[in-house]
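Below is final09.csv, holding CSV, C-alpha atoms.
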```
chain,number,residue,atom,x,y,z
A,1,PRO,CA,17.4,26.2,6.1
A,2,GLY,CA,18.5,28.0,3.0
A,3,LEU,CA,22.2,27.5,3.3
A,4,GLY,CA,22.5,25.2,0.3
A,5,LYS,CA,23.0,21.9,2.1
A,6,SER,CA,21.0,20.0,-0.6
A,7,SER,CA,23.2,21.5,-3.4
A,8,LEU,CA,26.1,19.4,-2.1
A,9,ALA,CA,24.5,16.3,-3.5
A,10,TYR,CA,24.1,18.0,-6.9
A,11,SER,CA,27.7,19.2,-6.8
A,12,VAL,CA,29.1,15.8,-5.9
A,13,ALA,CA,27.1,14.1,-8.7
A,14,TRP,CA,28.3,16.6,-11.2
A,15,CYS,CA,31.9,16.5,-10.2
A,16,LEU,CA,32.0,12.7,-10.2
A,17,GLY,CA,30.0,12.4,-13.4
A,18,LEU,CA,27.4,10.2,-11.7
A,19,GLY,CA,24.3,11.7,-13.3
A,20,ALA,CA,21.4,13.5,-11.7
A,21,PRO,CA,21.0,12.7,-8.0
A,22,LEU,CA,17.9,11.0,-6.7
A,23,ARG,CA,16.1,13.2,-4.1
A,24,TRP,CA,14.1,11.7,-1.2
A,25,GLU,CA,12.3,14.4,0.8
A,26,ILE,CA,11.5,13.3,4.3
A,27,ASN,CA,8.5,14.3,6.4
A,28,SER,CA,7.2,13.1,9.8
A,29,HIS,CA,5.2,10.2,8.1
A,30,THR,CA,8.1,8.9,5.9
A,31,THR,CA,9.0,5.3,6.4
A,32,LEU,CA,11.8,3.1,5.0
A,33,GLN,CA,9.2,1.5,2.7
A,34,ASP,CA,8.6,4.8,1.1
A,35,GLY,CA,12.2,5.0,0.1
A,36,LEU,CA,12.5,1.4,-1.2
A,37,TYR,CA,9.4,0.9,-3.3
A,38,SER,CA,5.6,1.2,-3.7
A,39,TYR,CA,3.2,-1.4,-4.8
A,40,ASP,CA,-0.1,-0.3,-6.3
A,41,ALA,CA,-2.2,-3.2,-5.0
A,42,VAL,CA,-5.5,-1.5,-5.9
A,43,GLY,CA,-4.4,-0.9,-9.5
A,44,HIS,CA,-3.2,-4.5,-9.7
A,45,LEU,CA,-6.6,-5.7,-8.4
A,46,HIS,CA,-8.5,-3.6,-10.9
A,47,ALA,CA,-6.4,-4.8,-13.8
A,48,SER,CA,-6.8,-8.4,-12.7
A,49,GLN,CA,-10.6,-7.9,-12.7
A,50,ARG,CA,-10.5,-6.6,-16.3
A,51,MET,CA,-8.7,-9.9,-17.2
A,52,THR,CA,-5.9,-8.0,-19.0
A,53,ASP,CA,-3.8,-10.4,-21.1
A,54,SER,CA,-0.5,-8.9,-20.2
A,55,LEU,CA,-0.9,-8.7,-16.5
A,56,GLU,CA,2.6,-8.5,-14.9
A,57,ILE,CA,3.1,-7.7,-11.3
A,58,GLY,CA,6.1,-5.5,-12.1
A,59,ASP,CA,3.7,-3.1,-13.8
A,60,PHE,CA,2.5,-2.1,-10.4
A,61,ILE,CA,5.8,-1.7,-8.6
A,62,THR,CA,7.8,1.5,-8.6
A,63,LEU,CA,11.1,1.8,-6.8
A,64,GLY,CA,11.6,4.7,-4.4
A,65,PRO,CA,14.7,6.9,-4.5
A,66,LEU,CA,16.6,4.6,-2.1
A,67,GLY,CA,15.5,1.5,-4.0
A,68,THR,CA,16.6,3.0,-7.3
A,69,ALA,CA,20.0,4.1,-5.7
A,70,LEU,CA,20.6,0.5,-4.8
A,71,LEU,CA,20.1,-0.9,-8.3
A,72,PRO,CA,23.2,-2.7,-9.7
A,73,THR,CA,24.5,0.0,-12.1
A,74,LYS,CA,28.0,0.6,-13.7
A,75,LYS,CA,28.5,3.7,-11.6
A,76,PRO,CA,27.1,4.5,-8.2
A,77,ARG,CA,24.1,6.8,-7.9
A,78,VAL,CA,24.0,9.9,-5.7
A,79,LEU,CA,21.1,9.9,-3.2
A,80,LEU,CA,20.0,13.0,-1.4
A,81,ILE,CA,18.0,12.3,1.8
A,82,ASP,CA,16.7,15.7,2.5
A,83,GLU,CA,15.9,16.8,6.1
A,84,LEU,CA,16.2,13.4,7.9
A,85,ASP,CA,15.6,15.1,11.2
A,86,LYS,CA,11.9,15.4,10.3
A,87,ALA,CA,11.6,11.6,10.2
A,88,SER,CA,10.3,9.2,12.9
A,89,PHE,CA,12.8,8.1,15.5
A,90,ASP,CA,13.3,4.7,13.7
A,91,LEU,CA,14.0,5.7,10.2
A,92,PRO,CA,17.8,6.6,10.6
A,93,ASN,CA,18.5,3.3,12.2
A,94,ASP,CA,16.3,1.4,9.6
A,95,LEU,CA,18.5,3.0,6.9
A,96,LEU,CA,21.6,1.5,8.5
A,97,HIS,CA,20.4,-2.0,7.9
A,98,VAL,CA,19.7,-1.4,4.2
A,99,PHE,CA,23.0,0.3,3.7
A,100,GLU,CA,24.9,-2.5,5.4
A,101,GLU,CA,23.2,-5.2,3.4
A,102,GLY,CA,23.5,-3.2,0.2
A,103,GLY,CA,20.1,-4.3,-0.9
A,104,PHE,CA,16.6,-5.5,0.0
A,105,LYS,CA,13.8,-7.8,-1.1
A,106,VAL,CA,10.5,-6.9,-2.7
A,107,PRO,CA,8.2,-9.4,-1.1
A,108,GLU,CA,5.6,-9.1,-3.8
A,109,LEU,CA,8.2,-10.2,-6.3
A,110,VAL,CA,9.8,-12.9,-4.1
A,111,ARG,CA,6.7,-15.0,-4.4
A,112,PHE,CA,7.3,-15.3,-8.1
A,113,SER,CA,10.5,-16.8,-9.4
A,114,GLY,CA,12.4,-15.3,-12.3
A,115,GLU,CA,13.0,-11.9,-13.5
A,116,HIS,CA,10.4,-9.1,-13.5
A,117,THR,CA,10.8,-5.5,-14.6
A,118,VAL,CA,9.7,-2.6,-12.4
A,119,PHE,CA,9.8,1.2,-12.8
A,120,PRO,CA,12.7,3.1,-11.2
A,121,PHE,CA,12.0,6.2,-9.2
A,122,ASP,CA,13.4,8.5,-12.0
A,123,SER,CA,11.6,6.8,-14.9
A,124,SER,CA,10.3,9.3,-17.5
A,125,SER,CA,8.3,6.9,-19.7
A,126,PRO,CA,6.5,3.5,-19.5
A,127,ASP,CA,9.6,2.0,-21.3
A,128,ASP,CA,11.9,3.0,-18.5
A,129,ARG,CA,12.0,-0.4,-16.7
A,130,VAL,CA,14.7,-2.2,-14.7
A,131,PRO,CA,15.0,-5.9,-14.2
A,132,VAL,CA,14.7,-7.5,-10.7
A,133,ALA,CA,15.7,-11.1,-10.3
A,134,ASP,CA,13.8,-13.3,-7.8
A,135,GLY,CA,12.6,-10.2,-6.0
A,136,ARG,CA,16.0,-9.1,-4.7
A,137,ILE,CA,17.8,-5.8,-5.5
A,138,SER,CA,21.5,-5.8,-4.6
A,139,THR,CA,23.9,-3.0,-5.4
A,140,LEU,CA,27.2,-3.3,-7.2
A,141,HIS,CA,28.4,0.0,-5.8
A,142,HIS,CA,27.0,1.6,-2.7
A,143,PRO,CA,25.4,4.9,-3.5
A,144,VAL,CA,26.9,8.2,-2.5
A,145,VAL,CA,24.4,9.4,0.1
A,146,VAL,CA,24.1,13.0,1.2
A,147,ILE,CA,21.8,13.5,4.2
A,148,THR,CA,20.7,16.9,5.3
A,149,SER,CA,19.4,18.0,8.7
A,150,ASN,CA,18.4,21.3,10.2
A,151,GLY,CA,19.6,20.1,13.6
A,152,GLU,CA,16.0,19.8,14.9
A,153,ARG,CA,16.8,16.5,16.6
A,154,SER,CA,19.7,14.2,17.5
A,155,PHE,CA,20.6,10.9,15.9
A,156,SER,CA,21.9,7.7,17.6
A,157,GLU,CA,25.6,7.2,18.1
A,158,ALA,CA,25.4,4.1,15.9
A,159,PHE,CA,24.1,6.2,13.0
A,160,LEU,CA,26.5,9.1,13.5
A,161,ARG,CA,29.5,6.8,13.6
A,162,ARG,CA,28.7,5.8,10.0
A,163,CYS,CA,28.5,9.4,8.8
A,164,VAL,CA,31.0,12.0,7.7
A,165,ARG,CA,29.6,15.1,9.2
A,166,LEU,CA,29.8,18.5,7.7
A,167,GLU,CA,28.4,21.5,9.5
A,168,ILE,CA,27.6,24.5,7.4
A,169,LYS,CA,27.6,27.7,9.4
A,170,GLN,CA,25.4,30.7,8.5
A,171,PRO,CA,27.7,32.8,6.3
A,172,THR,CA,28.5,36.4,7.1
A,173,ARG,CA,27.7,39.2,4.8
A,174,GLU,CA,31.4,39.5,3.8
A,175,ARG,CA,31.5,35.8,2.9
A,176,MET,CA,28.4,36.0,0.8
A,177,LEU,CA,29.8,39.0,-1.1
```
Starting from the file, lay out its structure as structure tokens.
Amino acid sequence: PGLGKSSLAYSVAWCLGLGAPLRWEINSHTTLQDGLYSYDAVGHLHASQRMTDSLEIGDFITLGPLGTALLPTKKPRVLLIDELDKASFDLPNDLLHVFEEGGFKVPELVRFSGEHTVFPFDSSSPDDRVPVADGRISTLHHPVVVITSNGERSFSEAFLRRCVRLEIKQPTRERML
């Protein structure tokens, strides 16, 4: 901890001109779903009970950092998955499937045909919306993914084979100076 592993994502994004990285901080309860999107079913229910004229399901869906990184953009996004070693055993392998597919489905939107707009993870206003056609998000360019770990657990060989590993050693006093 404290060696600057996370700053690698920011440096890569800046050097390649890819905009601000998306940051996904992992804890022991984090699931793949958390990274893909969230659906505010309770908010949707309350709005439907008020009989709001402009009730649109996309108003209640927000993409997570991984979901936003997989949007079809002109340039790839940089995604920082911070401290993956804190995750449940399944999360690293669940990530492999999404990365190999280059996309995912939002079941709440699949039920409705056509295009819906949802909020990306890094939206800053209610006007920041992105279109999703037929409930499927498919990337044009795979994101640049930087995953940090404090070495508190090991990962499967299948996962590690798909990673370029960089080990950052504790710097000496002379190196820091």
Using all atoms listed in the file, which protein or nucleic acid residues come within 8 Å of Val106 in chain A? Drop anything in the same chain fewer than 6 positions from it, and give the result as a compact mmCIF listing (two decimals) with C-alpha atoms, in the coordinates of the input.
```
# COMPACT_ATOMS: atom_id res chain seq x y z
CA TYR A 37 9.40 0.90 -3.30
CA GLY A 135 12.60 -10.20 -6.00
CA ARG A 136 16.00 -9.10 -4.70
CA ILE A 137 17.80 -5.80 -5.50
```
*Enter the distance from CA of Ser6 in chain A to CA of Arg77 in chain A, in Å, rounded to one decimal.*
15.4 Å
_I need every residue sitting at most 12 Å from the point (2.7, -3.7, -12.4) (coordinates as in the file, only C-alpha atoms considered), written as a PyMOL selection string._
chain A and resi 38-48+52+54-63+108-109+116-119+126+129
*Among the residues A:Asp134, A:Asp122, A:Asp127, A:Glu25, the one that comes closest to Asp85 in chain A [using only C-alpha atoms]*: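 Ranked by minimum distance to Asp85 in chain A, first place goes to A:Glu25.
Minimum atom-to-atom distance to His141 in chain A, evaluated using all atoms listed in the file, belongs to A:Thr73 out of A:Ser11, A:Gln170, A:Ser88, A:Thr73.
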*Distance CA of Gly67 in chain A-CA of Phe121 in chain A, one decimal place?*
7.8 Å
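Nearest to Gly4 in chain A of all the residues A:Thr139, A:Asn150, A:Thr172, A:Leu160 is A:Asn150, counting all atoms listed in the file.
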